[in-house]
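Listing of run.cif; format and content: mmCIF, C-alpha atoms.
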```cif
data_input
loop_
_atom_site.label_atom_id
_atom_site.label_comp_id
_atom_site.auth_asym_id
_atom_site.auth_seq_id
_atom_site.Cartn_x
_atom_site.Cartn_y
_atom_site.Cartn_z
CA MET A 1 163.94 190.93 -45.03
CA ALA A 2 163.54 187.17 -45.45
CA LYS A 3 160.00 185.91 -44.99
CA LYS A 4 158.72 182.44 -44.14
CA VAL A 5 157.05 180.53 -46.99
CA LEU A 6 155.24 177.31 -46.18
CA ASN A 7 154.93 174.79 -49.01
CA VAL A 8 152.31 172.09 -48.42
CA GLU A 9 152.92 169.42 -51.03
CA ASP A 10 153.02 165.60 -51.03
CA ASP A 11 155.38 165.25 -54.03
CA ALA A 12 158.99 165.36 -52.83
CA ASP A 13 160.30 166.54 -56.23
CA ILE A 14 157.94 169.52 -56.24
CA ARG A 15 158.80 170.36 -52.61
CA THR A 16 162.46 170.51 -53.65
CA PHE A 17 161.59 172.65 -56.68
CA VAL A 18 159.52 175.10 -54.62
CA SER A 19 162.02 175.39 -51.78
CA THR A 20 164.80 176.12 -54.28
CA ILE A 21 162.78 178.98 -55.77
CA VAL A 22 161.86 180.28 -52.31
CA GLU A 23 165.54 180.32 -51.27
CA GLU A 24 166.60 181.92 -54.55
CA THR A 25 164.15 184.75 -53.96
CA GLY A 26 165.72 185.30 -50.53
CA HIS A 27 163.09 183.72 -48.32
CA ILE A 28 162.90 180.80 -45.89
CA PRO A 29 161.10 177.63 -46.99
CA ILE A 30 159.09 175.54 -44.51
CA LEU A 31 157.78 172.21 -45.73
CA ALA A 32 154.76 170.05 -44.98
CA LYS A 33 153.71 166.81 -46.70
CA ASP A 34 149.94 167.06 -46.32
CA GLY A 35 147.17 169.34 -45.15
CA GLU A 36 147.18 167.99 -41.61
CA GLU A 37 150.90 168.69 -41.16
CA GLY A 38 150.38 171.95 -43.05
CA MET A 39 147.87 173.24 -40.48
CA GLN A 40 150.24 172.30 -37.65
CA LYS A 41 153.07 174.24 -39.33
CA VAL A 42 150.78 177.22 -39.95
CA ARG A 43 149.87 177.40 -36.26
CA GLY A 44 153.43 176.77 -35.08
CA GLU A 45 155.44 178.81 -37.57
CA ARG A 46 153.02 181.58 -38.64
CA PRO A 47 154.30 181.76 -42.24
CA ASP A 48 154.02 184.93 -44.35
CA LEU A 49 152.84 182.99 -47.39
CA ILE A 50 151.50 179.50 -48.09
CA ILE A 51 152.01 177.63 -51.36
CA LEU A 52 149.38 174.93 -51.31
CA ASP A 53 148.79 171.75 -53.33
CA ILE A 54 145.31 170.19 -53.44
CA LEU A 55 145.32 166.41 -53.84
CA MET A 56 147.31 165.07 -50.88
CA PRO A 57 147.01 162.38 -48.22
CA LYS A 58 145.31 162.99 -44.85
CA GLU A 59 143.89 166.43 -45.62
CA SER A 60 143.39 168.03 -49.02
CA GLY A 61 144.36 171.58 -49.97
CA ILE A 62 140.66 172.31 -50.52
CA LYS A 63 139.86 171.56 -46.89
CA MET A 64 143.00 173.25 -45.58
CA TYR A 65 142.28 176.40 -47.60
CA HIS A 66 138.76 176.51 -46.23
CA GLU A 67 140.03 176.07 -42.68
CA LEU A 68 142.60 178.83 -43.14
CA LYS A 69 140.16 181.32 -44.57
CA SER A 70 137.50 180.52 -41.96
CA ASP A 71 139.88 181.14 -39.05
CA PRO A 72 140.00 184.85 -38.13
CA SER A 73 143.59 184.52 -36.85
CA LEU A 74 144.86 182.88 -40.06
CA LYS A 75 142.66 184.23 -42.83
CA ASN A 76 145.02 187.11 -43.71
CA ILE A 77 147.93 184.83 -44.60
CA PRO A 78 148.17 184.97 -48.41
CA VAL A 79 147.81 181.64 -50.21
CA VAL A 80 149.08 180.62 -53.64
CA MET A 81 147.48 177.45 -54.94
CA LEU A 82 149.85 175.22 -56.92
CA SER A 83 148.08 172.13 -58.16
CA GLY A 84 147.18 169.82 -61.04
CA VAL A 85 143.52 170.37 -60.07
CA SER A 86 141.96 173.09 -62.21
CA LYS A 87 141.04 176.50 -60.79
CA ARG A 88 137.47 175.97 -61.91
CA THR A 89 137.21 172.85 -59.77
CA PHE A 90 138.84 174.63 -56.83
CA LEU A 91 136.33 177.48 -56.95
CA ARG A 92 133.40 175.11 -57.38
CA SER A 93 134.57 172.99 -54.47
CA GLN A 94 134.76 176.05 -52.21
CA MET A 95 131.22 176.92 -53.31
CA ALA A 96 130.09 173.37 -52.63
CA LEU A 97 131.44 173.66 -49.08
CA THR A 98 129.36 176.78 -48.51
CA GLU A 99 126.26 174.81 -49.56
CA PHE A 100 126.84 172.69 -46.46
CA GLY A 101 126.51 175.76 -44.26
CA ASP A 102 130.10 177.00 -44.23
CA GLU A 103 130.85 180.68 -44.88
CA THR A 104 131.95 181.92 -48.28
CA VAL A 105 135.72 182.31 -48.50
CA PRO A 106 137.72 184.70 -50.72
CA GLU A 107 139.71 183.52 -53.74
CA PRO A 108 143.42 182.77 -53.27
CA GLU A 109 146.07 185.42 -54.06
CA ALA A 110 147.14 183.38 -57.09
CA TYR A 111 146.29 180.08 -58.72
CA LEU A 112 149.02 178.21 -60.57
CA GLU A 113 148.35 174.98 -62.42
CA LYS A 114 151.16 172.42 -62.55
CA PRO A 115 153.63 172.34 -64.16
CA VAL A 116 154.73 175.86 -63.29
CA GLU A 117 157.73 177.71 -64.72
CA PRO A 118 160.31 178.83 -62.11
CA GLU A 119 160.09 182.44 -63.35
CA ASP A 120 156.32 182.52 -62.88
CA LEU A 121 156.58 181.28 -59.31
CA SER A 122 159.42 183.72 -58.47
CA GLU A 123 157.44 186.60 -59.91
CA ILE A 124 154.41 185.80 -57.77
CA LEU A 125 156.54 185.36 -54.64
CA ASN A 126 158.21 188.72 -55.22
CA LYS A 127 154.89 190.40 -55.89
CA ILE A 128 153.19 189.09 -52.76
CA LEU A 129 156.12 189.29 -50.35
CA SER A 130 157.60 192.63 -51.39
CA MET B 1 129.70 152.44 -36.59
CA LYS B 2 129.51 155.10 -39.29
CA ILE B 3 131.01 155.10 -42.77
CA THR B 4 132.53 158.49 -43.40
CA THR B 5 135.86 157.60 -45.03
CA MET B 6 136.37 155.09 -47.82
CA LEU B 7 139.67 153.81 -49.21
CA PHE B 8 139.35 153.12 -52.93
CA VAL B 9 142.20 150.91 -54.15
CA SER B 10 142.62 150.88 -57.89
CA GLU B 11 145.09 149.32 -60.26
CA PHE B 12 143.10 151.07 -63.01
CA ASP B 13 142.62 147.81 -64.96
CA GLU B 14 139.63 146.68 -62.94
CA LEU B 15 138.08 149.54 -60.98
CA TRP B 16 137.16 152.67 -62.86
CA PHE B 17 135.39 155.87 -62.06
CA ASP B 18 131.94 154.45 -62.70
CA ALA B 19 132.64 151.87 -59.98
CA LEU B 20 133.47 154.71 -57.62
CA GLN B 21 130.37 156.65 -58.64
CA SER B 22 128.13 153.69 -57.90
CA LEU B 23 129.56 153.67 -54.37
CA LEU B 24 128.72 157.32 -53.81
CA GLU B 25 125.27 156.13 -52.80
CA LEU B 26 127.01 155.75 -49.44
CA ARG B 27 126.86 159.52 -49.06
CA LYS B 28 123.32 158.94 -47.81
CA ALA B 29 124.89 156.92 -45.01
CA GLY B 30 127.42 159.62 -44.12
CA LEU B 31 130.30 159.09 -46.57
CA ASN B 32 132.13 162.38 -47.11
CA HIS B 33 135.78 161.43 -47.65
CA VAL B 34 137.30 159.25 -50.38
CA VAL B 35 140.96 158.25 -50.31
CA PHE B 36 142.52 156.86 -53.47
CA LEU B 37 145.36 154.37 -53.39
CA HIS B 38 147.37 153.07 -56.31
CA VAL B 39 150.19 150.67 -55.60
CA ILE B 40 152.91 150.30 -58.21
CA GLN B 41 154.11 146.70 -58.00
CA ARG B 42 157.77 146.61 -57.04
CA GLU B 43 158.60 144.25 -59.94
CA LYS B 44 157.65 146.96 -62.42
CA VAL B 45 160.44 149.27 -61.27
CA ALA B 46 162.84 146.86 -59.55
CA MET B 47 166.59 146.69 -60.18
CA ARG B 48 167.48 145.17 -63.54
CA ARG B 49 170.85 143.94 -64.68
CA GLY B 50 172.53 146.70 -66.66
CA THR B 51 169.90 149.36 -65.97
CA GLY B 52 169.60 149.43 -62.17
CA TYR B 53 166.46 150.82 -60.52
CA LEU B 54 163.98 152.06 -63.13
CA LYS B 55 163.52 155.57 -61.73
CA GLN B 56 162.21 156.89 -65.04
CA GLU B 57 159.60 154.12 -65.17
CA GLU B 58 158.57 154.92 -61.59
CA ARG B 59 158.11 158.59 -62.51
CA LYS B 60 156.01 157.66 -65.52
CA LEU B 61 153.77 155.29 -63.54
CA ARG B 62 153.33 157.84 -60.75
CA GLU B 63 152.44 160.52 -63.30
CA ILE B 64 149.83 158.27 -64.95
CA ALA B 65 148.24 157.49 -61.58
CA ASP B 66 148.32 161.14 -60.57
CA ILE B 67 146.57 162.28 -63.75
CA ARG B 68 143.81 159.71 -63.27
CA PHE B 69 143.31 160.49 -59.61
CA ILE B 70 143.15 164.24 -60.29
CA ASP B 71 140.46 163.64 -62.89
CA TRP B 72 138.42 161.53 -60.45
CA ALA B 73 139.06 163.88 -57.54
CA GLU B 74 137.86 166.94 -59.46
CA THR B 75 134.38 165.45 -59.77
CA LEU B 76 134.23 164.62 -56.08
CA PHE B 77 135.65 167.95 -54.92
CA GLU B 78 133.01 169.78 -56.94
CA GLU B 79 130.36 167.81 -55.05
CA GLY B 80 131.78 169.09 -51.77
CA MET B 81 133.55 165.87 -50.80
CA GLU B 82 136.98 165.57 -49.23
CA VAL B 83 139.47 163.59 -51.33
CA GLY B 84 142.96 162.28 -50.65
CA ALA B 85 145.41 160.23 -52.70
CA HIS B 86 148.33 157.91 -52.11
CA ILE B 87 150.58 156.52 -54.81
CA ALA B 88 152.99 153.98 -53.38
CA ILE B 89 155.52 151.40 -54.50
CA GLY B 90 155.67 147.97 -52.93
CA ASN B 91 153.46 145.05 -52.00
CA VAL B 92 149.80 145.84 -52.33
CA VAL B 93 148.40 144.28 -49.14
CA PRO B 94 150.79 145.93 -46.63
CA LYS B 95 150.28 149.26 -48.41
CA ILE B 96 146.49 148.94 -48.22
CA LEU B 97 146.68 148.12 -44.53
CA SER B 98 149.02 150.98 -43.73
CA VAL B 99 147.04 153.61 -45.68
CA ALA B 100 143.79 152.34 -44.12
CA GLU B 101 145.39 152.92 -40.72
CA ILE B 102 146.88 156.34 -41.54
CA GLU B 103 143.64 157.64 -43.02
CA ARG B 104 141.44 155.93 -40.41
CA VAL B 105 139.09 154.60 -43.07
CA ASP B 106 135.80 152.87 -42.36
CA LEU B 107 135.71 150.81 -45.55
CA ILE B 108 138.30 149.43 -47.97
CA VAL B 109 137.14 148.94 -51.56
CA THR B 110 139.18 146.83 -53.93
CA ALA B 111 138.77 144.51 -56.87
CA ARG B 112 140.05 140.96 -56.57
CA LEU B 113 143.79 141.19 -56.19
CA LYS B 114 145.80 138.68 -58.14
CA LYS B 115 149.26 137.19 -57.89
CA GLY B 116 151.00 135.01 -60.40
CA LYS B 117 149.88 131.36 -60.41
CA LEU B 118 153.06 130.17 -58.71
CA GLY B 119 152.74 132.87 -56.04
CA GLU B 120 149.14 131.88 -55.35
CA LEU B 121 150.10 128.24 -54.99
CA PHE B 122 152.59 128.99 -52.24
CA THR B 123 151.21 132.06 -50.51
CA GLY B 124 147.52 132.22 -51.43
CA SER B 125 145.93 135.11 -53.28
CA GLU B 126 146.45 138.75 -52.33
CA THR B 127 142.71 138.95 -51.64
CA SER B 128 142.90 136.09 -49.13
CA ASP B 129 145.89 137.75 -47.52
CA LEU B 130 143.99 141.03 -47.26
CA LEU B 131 140.89 139.36 -45.82
CA ARG B 132 143.03 137.56 -43.28
CA ARG B 133 144.93 140.64 -42.12
CA ALA B 134 142.48 143.51 -42.36
CA VAL B 135 140.65 144.80 -39.31
CA LYS B 136 138.48 147.09 -41.46
CA PRO B 137 135.47 146.07 -43.54
CA ILE B 138 136.44 145.24 -47.11
CA LEU B 139 134.29 145.48 -50.19
CA ILE B 140 135.57 143.16 -52.91
CA TYR B 141 134.00 144.93 -55.80
CA ASN B 142 133.34 142.67 -58.75
CA TYR B 143 131.23 145.20 -60.54
CA ALA B 144 132.09 144.06 -64.05
CA SER B 145 131.32 140.38 -64.32
CA VAL B 146 131.05 138.02 -67.26
CA SER B 147 127.32 138.66 -67.34
CA GLY B 148 127.78 142.42 -67.49
CA LYS B 149 127.73 145.30 -65.05
CA VAL B 150 126.24 144.88 -61.61
CA GLY B 151 123.57 147.50 -60.81
CA GLU B 152 124.12 151.20 -60.35
CA ASN B 153 123.56 151.02 -56.61
CA PRO B 154 125.29 147.95 -55.19
CA PHE B 155 123.86 148.70 -51.75
CA GLU B 156 120.25 148.61 -52.95
CA ARG B 157 119.46 145.01 -52.06
CA LEU B 158 121.79 143.25 -49.64
CA LEU B 159 121.98 139.56 -48.94
CA LEU B 160 123.11 139.40 -45.36
CA ALA B 161 124.50 136.00 -44.40
CA LEU B 162 124.50 135.40 -40.65
CA ASP B 163 126.11 132.50 -38.77
CA TRP B 164 125.17 133.69 -35.26
CA SER B 165 128.81 134.25 -34.31
CA VAL B 166 130.24 137.38 -32.65
CA SER B 167 131.19 138.71 -36.08
CA ALA B 168 127.52 138.42 -37.08
CA GLU B 169 126.74 141.11 -34.51
CA LYS B 170 129.39 143.33 -36.10
CA VAL B 171 127.79 142.69 -39.48
CA LEU B 172 124.42 143.77 -38.12
CA ASP B 173 125.80 146.99 -36.65
CA TYR B 174 127.59 147.82 -39.87
CA VAL B 175 124.58 147.23 -42.09
CA LEU B 176 122.36 149.26 -39.78
CA ALA B 177 124.81 152.14 -40.27
CA LEU B 178 124.17 151.94 -44.02
CA LYS B 179 120.64 153.23 -43.49
CA GLY B 180 119.70 155.53 -46.32
CA SER B 181 121.74 153.64 -48.91
CA VAL B 182 120.06 150.26 -48.50
CA LYS B 183 116.55 149.59 -49.78
CA ARG B 184 116.11 145.97 -48.79
CA VAL B 185 117.93 143.34 -46.73
CA GLU B 186 117.53 139.62 -47.36
CA ILE B 187 118.74 137.88 -44.21
CA ILE B 188 119.92 134.34 -44.68
CA HIS B 189 121.16 131.61 -42.40
CA VAL B 190 122.42 128.35 -43.87
CA LEU B 191 122.02 125.11 -41.94
CA ASN B 192 124.72 122.53 -42.56
CA GLU B 193 123.19 119.62 -44.44
CA LYS B 194 125.45 117.04 -42.77
CA ASP B 195 124.71 118.29 -39.27
CA VAL B 196 120.97 118.32 -39.82
CA GLY B 197 121.12 114.87 -41.44
CA LYS B 198 122.40 113.39 -38.19
CA LEU B 199 119.38 114.64 -36.25
CA SER B 200 116.03 112.96 -35.71
CA LYS B 201 113.04 114.49 -37.48
CA MET B 202 111.90 116.07 -34.23
CA GLU B 203 115.34 117.52 -33.49
CA ALA B 204 115.68 118.83 -37.04
CA HIS B 205 112.34 120.65 -36.74
CA LYS B 206 113.47 122.11 -33.45
CA VAL B 207 116.69 123.44 -35.03
CA GLU B 208 114.68 124.85 -37.91
CA ARG B 209 112.24 126.57 -35.57
CA GLU B 210 115.02 128.05 -33.42
CA ASN B 211 116.84 129.46 -36.41
CA LYS B 212 113.68 130.91 -37.91
CA LYS B 213 112.97 132.60 -34.60
CA ARG B 214 116.46 134.13 -34.56
CA LEU B 215 116.05 135.31 -38.14
CA ASP B 216 112.71 136.91 -37.22
CA GLU B 217 114.34 138.66 -34.29
CA VAL B 218 117.02 140.09 -36.59
CA CYS B 219 114.30 141.23 -39.02
CA ASP B 220 112.60 143.01 -36.11
CA VAL B 221 115.82 144.90 -35.35
CA PHE B 222 115.95 146.07 -38.96
CA ALA B 223 112.25 146.87 -39.05
CA LYS B 224 112.67 149.15 -36.02
CA GLU B 225 115.21 151.12 -38.08
CA ARG B 226 112.75 151.19 -40.99
CA PHE B 227 114.60 148.71 -43.21
CA ASP B 228 112.66 146.34 -45.42
CA ALA B 229 114.08 143.01 -44.20
CA ARG B 230 113.09 139.40 -45.03
CA PRO B 231 114.26 136.19 -43.33
CA HIS B 232 115.43 133.11 -45.26
CA LEU B 233 116.54 129.76 -43.93
CA TYR B 234 118.53 127.57 -46.33
CA ILE B 235 120.15 124.19 -45.98
CA GLY B 236 123.22 122.80 -47.71
CA ASN B 237 126.75 123.93 -48.49
CA THR B 238 127.12 127.41 -47.00
CA GLU B 239 128.86 129.15 -49.92
CA GLU B 240 126.62 127.54 -52.53
CA GLN B 241 123.45 128.39 -50.63
CA ILE B 242 124.52 131.99 -50.06
CA GLU B 243 125.09 132.36 -53.79
CA ARG B 244 121.78 130.68 -54.54
CA GLY B 245 120.01 132.98 -52.08
CA ALA B 246 121.64 136.00 -53.69
CA ALA B 247 120.45 134.89 -57.13
CA GLU B 248 116.93 133.97 -56.01
CA HIS B 249 116.37 137.27 -54.27
CA ARG B 250 118.19 139.34 -56.90
CA ALA B 251 120.67 140.70 -54.36
CA THR B 252 123.07 143.41 -55.48
CA MET B 253 125.67 142.59 -52.83
CA ILE B 254 126.54 139.81 -50.39
CA VAL B 255 127.51 140.74 -46.83
CA VAL B 256 129.34 138.32 -44.53
CA GLY B 257 131.43 138.45 -41.39
CA THR B 258 134.73 136.68 -40.82
CA ARG B 259 135.93 134.67 -37.88
CA LYS B 260 139.48 134.57 -36.67
CA SER B 261 141.20 131.47 -38.00
CA SER B 262 144.80 130.44 -38.49
CA VAL B 263 146.45 130.66 -41.88
CA TRP B 264 146.96 126.89 -42.06
CA LYS B 265 143.44 126.05 -41.02
CA GLU B 266 142.22 128.38 -43.71
CA LYS B 267 144.48 126.91 -46.35
CA TRP B 268 143.15 123.42 -45.73
CA SER B 269 139.53 124.04 -44.94
CA GLY B 270 138.89 127.42 -46.52
CA SER B 271 136.34 129.86 -45.15
CA VAL B 272 133.05 131.23 -46.39
CA SER B 273 134.31 134.75 -46.98
CA HIS B 274 137.44 133.58 -48.78
CA SER B 275 135.67 131.23 -51.13
CA LEU B 276 132.95 133.79 -51.84
CA ALA B 277 135.65 136.36 -52.56
CA VAL B 278 137.07 134.02 -55.17
CA ARG B 279 133.86 132.80 -56.79
CA SER B 280 131.09 135.35 -56.30
CA GLU B 281 130.09 137.50 -59.25
CA LEU B 282 128.42 139.97 -56.92
CA PRO B 283 130.22 142.58 -54.83
CA LEU B 284 131.14 141.06 -51.48
CA LEU B 285 131.29 143.07 -48.27
CA VAL B 286 133.36 141.31 -45.62
CA ILE B 287 133.23 142.55 -42.04
CA PRO B 288 135.98 141.23 -39.78
CA ALA B 289 135.24 140.05 -36.25
CA ASP B 290 137.56 142.69 -34.81
CA ALA B 291 136.41 145.60 -37.00
#
```
Can the structure in the file be given as structure tokens, please?
Amino acid sequence: MAKKVLNVEDDADIRTFVSTIVEETGHIPILAKDGEEGMQKVRGERPDLIILDILMPKESGIKMYHELKSDPSLKNIPVVMLSGVSKRTFLRSQMALTEFGDETVPEPEAYLEKPVEPEDLSEILNKILS
Amino acid sequence: MKITTMLFVSEFDELWFDALQSLLELRKAGLNHVVFLHVIQREKVAMRRGTGYLKQEERKLREIADIRFIDWAETLFEEGMEVGAHIAIGNVVPKILSVAEIERVDLIVTARLKKGKLGELFTGSETSDLLRRAVKPILIYNYASVSGKVGENPFERLLLALDWSVSAEKVLDYVLALKGSVKRVEIIHVLNEKDVGKLSKMEAHKVERENKKRLDEVCDVFAKERFDARPHLYIGNTEEQIERGAAEHRATMIVVGTRKSSVWKEKWSGSVSHSLAVRSELPLLVIPADA
């Protein structure tokens, strides 16, 4: 059964790339250009998986991830990070947020650093959504 | 008035990461969100005879900007800050204004923006254009001057130039919000030499006394908020005296307000903020009347 995959990404070329892969794996792509729009789509569309960039206008993927994982109604949606920002930085930034009093959040289901091969992304989609 | 979000405009030739780091002192005043903006000038990718629009060049320039911003952003993310980035193509001033609006920034930071000589002759500099059109405070950051780097904390010692206009009140509010980042404020008012010259000795003393009283009152406002503030009354050409005051008191930044004035009036008579933006070696913080 086709599942909804939300891609939050400010680069139009990468949004096209990701939605092509999502469609090829038999799922439905939903697109958002930044973290702010991403959170609106999450609440409105209730996706089964989120593919999330980090450095974007309006709201970063770091903040959006933290919001998702701190919200009891959204925290079970699996997230795949797809970014030019390193995983090390991502994990440190989440730790830094906890230093300001926020709760610790779990690691994402997968972390892919750009550029990603289409096969790698398909494999992860199939693994998480099957 | 709180400074939580800062727009950092970089063409990469003039503002580097160390400039950004020196501004992180503003975290003590509440800064927690930095937005990067790089504008690719349209001429660099515009249509050319025989080749059309340079899409490949656009991709390359975007990629270069992206790599730099990611590198800068990683450091800030690891410190728990929120970071955003915009890479746009077009004219720099409209892009700055639109991103400042979208991101609801409290401060725009940019180096002096330059046009070609012919462009400046007919339309004025990009910096003047930005100062004229912006409704947000702008920091013209001349951190690398001929005489070397300006200090590590540009907010350490401010020279606050007041002209007793409505915008001066805005300037006061804004500087008070910088509490925590600022160590000392030198408050200066410049009396116009020509105006004072027309007065009798008695009248001139009266003007001097009134202005000193106002300066003392402003110092009291700062003292209440636990700032170290000192009053200074100068006389002469406003821009020259502000620069002199900044040098004499070893200021690390000059802060001024702007008044609303028409483009033509400004072209002919100039304004304090515009001429300081062009000539000052120190960082210049300009706070618009309608900020």
>> Using the chain letters and numbers from this file, what does the PyMOL selection byres ((chain B) within 12 of (chain A)) select? Give the answer as a ChimeraX atom specification.
In response: /B:5,7,32-37,59,62-63,66-88,99-105
> Just so the selection is clear, what residues does the PyMOL selection byres ((chain B and resi 160) around 9) cover here, as a PyMOL selection string?
Replying inline: chain B and resi 158-159+161-162+171-172+175+185-189+242+253-256
Could you save those same residues with C-alpha atoms as a compact mmCIF listing (two decimals), in the frame of the given file?
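Saved as out_30.txt:
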```
# COMPACT_ATOMS: atom_id res chain seq x y z
CA LEU B 158 121.79 143.25 -49.64
CA LEU B 159 121.98 139.56 -48.94
CA ALA B 161 124.50 136.00 -44.40
CA LEU B 162 124.50 135.40 -40.65
CA VAL B 171 127.79 142.69 -39.48
CA LEU B 172 124.42 143.77 -38.12
CA VAL B 175 124.58 147.23 -42.09
CA VAL B 185 117.93 143.34 -46.73
CA GLU B 186 117.53 139.62 -47.36
CA ILE B 187 118.74 137.88 -44.21
CA ILE B 188 119.92 134.34 -44.68
CA HIS B 189 121.16 131.61 -42.40
CA ILE B 242 124.52 131.99 -50.06
CA MET B 253 125.67 142.59 -52.83
CA ILE B 254 126.54 139.81 -50.39
CA VAL B 255 127.51 140.74 -46.83
CA VAL B 256 129.34 138.32 -44.53
```
> How would you write, as a PyMOL selection string, the residues chosen by the PyMOL selection byres ((chain A and resi 75-82) around 6) on this structure?
Replying inline: chain A and resi 49-53+68-69+71-72+74+83+108-113
>> List as a PyMOL selection string the protein and nucleic acid residues near Pro154 of chain B, meaning an atom at most 12 Å away when all atoms listed in the file are counted, but skip any in the same chain fewer than 2 places from it.
In response: chain B and resi 18-26+139-144+149-152+156-159+178+181-184+250-255+282-285
> Can you tell me how far atom CA of Glu281 of chain B sits from atom CA of Gln241 of chain B, in Å to one decimal?
Replying inline: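 For atom CA of Glu281 of chain B relative to atom CA of Gln241 of chain B, the distance reads 14.2 Å.
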> Can you tell me, as a list in words, what residues are no more than 8 Å from segment 5-7 of chain A when counting only C-alpha atoms, ignoring any on the same chain fewer than 4 positions away?
Replying inline: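 Here the qualifying residues turn out to be Arg15, Val18, Ser19, Val22, His27, Ile28, Pro29, Ile30, Leu31, Ala32, Gly38, Lys41, Val42, Pro47, Asp48, Leu49, Ile50, Ile51 and Leu52 of chain A.
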> Got a sec to check which residues sit within 12 Å of (158.3, 177.2, -63.2), counting all atoms listed in the file, and write them as an MDAnalysis selection string?
Replying inline: chainID A and resid 14 17:18 20:22 82 112:125
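The nearest approach to Asp195 of chain B among the residues B:Gly30, B:Ile235, B:Lys212, B:Tyr174, with all atoms listed in the file taken into account, belongs to B:Ile235.
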Would you mind putting N, CA, C and O atoms back on segment 26-37 of chain B and writing the result as a compact mmCIF listing (two decimals), in the coordinates of the input?
```txt
# COMPACT_ATOMS: atom_id res chain seq x y z
N LEU B 26 126.69 155.77 -50.87
CA LEU B 26 127.01 155.75 -49.44
C LEU B 26 127.01 157.14 -48.80
O LEU B 26 127.09 157.26 -47.59
N ARG B 27 126.94 158.16 -49.62
CA ARG B 27 126.86 159.52 -49.06
C ARG B 27 125.60 159.65 -48.20
O ARG B 27 125.58 160.39 -47.22
N LYS B 28 124.56 158.91 -48.60
CA LYS B 28 123.32 158.94 -47.81
C LYS B 28 123.54 158.34 -46.43
O LYS B 28 122.74 158.54 -45.53
N ALA B 29 124.59 157.53 -46.31
CA ALA B 29 124.89 156.92 -45.01
C ALA B 29 126.02 157.65 -44.30
O ALA B 29 126.54 157.16 -43.30
N GLY B 30 126.43 158.80 -44.82
CA GLY B 30 127.42 159.62 -44.12
C GLY B 30 128.78 159.72 -44.79
O GLY B 30 129.66 160.42 -44.29
N LEU B 31 128.99 159.03 -45.91
CA LEU B 31 130.30 159.09 -46.57
C LEU B 31 130.60 160.51 -47.04
O LEU B 31 129.79 161.13 -47.73
N ASN B 32 131.77 161.04 -46.64
CA ASN B 32 132.13 162.38 -47.11
C ASN B 32 133.62 162.49 -47.47
O ASN B 32 134.11 163.58 -47.74
N HIS B 33 134.33 161.39 -47.42
CA HIS B 33 135.78 161.43 -47.65
C HIS B 33 136.20 160.18 -48.42
O HIS B 33 135.96 159.07 -47.95
N VAL B 34 136.81 160.38 -49.58
CA VAL B 34 137.30 159.25 -50.38
C VAL B 34 138.82 159.37 -50.49
O VAL B 34 139.34 160.44 -50.81
N VAL B 35 139.50 158.28 -50.18
CA VAL B 35 140.96 158.25 -50.31
C VAL B 35 141.33 157.27 -51.41
O VAL B 35 140.92 156.11 -51.37
N PHE B 36 142.08 157.74 -52.39
CA PHE B 36 142.52 156.86 -53.47
C PHE B 36 143.87 156.25 -53.12
O PHE B 36 144.72 156.93 -52.54
N LEU B 37 144.04 155.00 -53.53
CA LEU B 37 145.36 154.37 -53.39
C LEU B 37 145.68 153.60 -54.66
O LEU B 37 144.87 152.81 -55.14
```
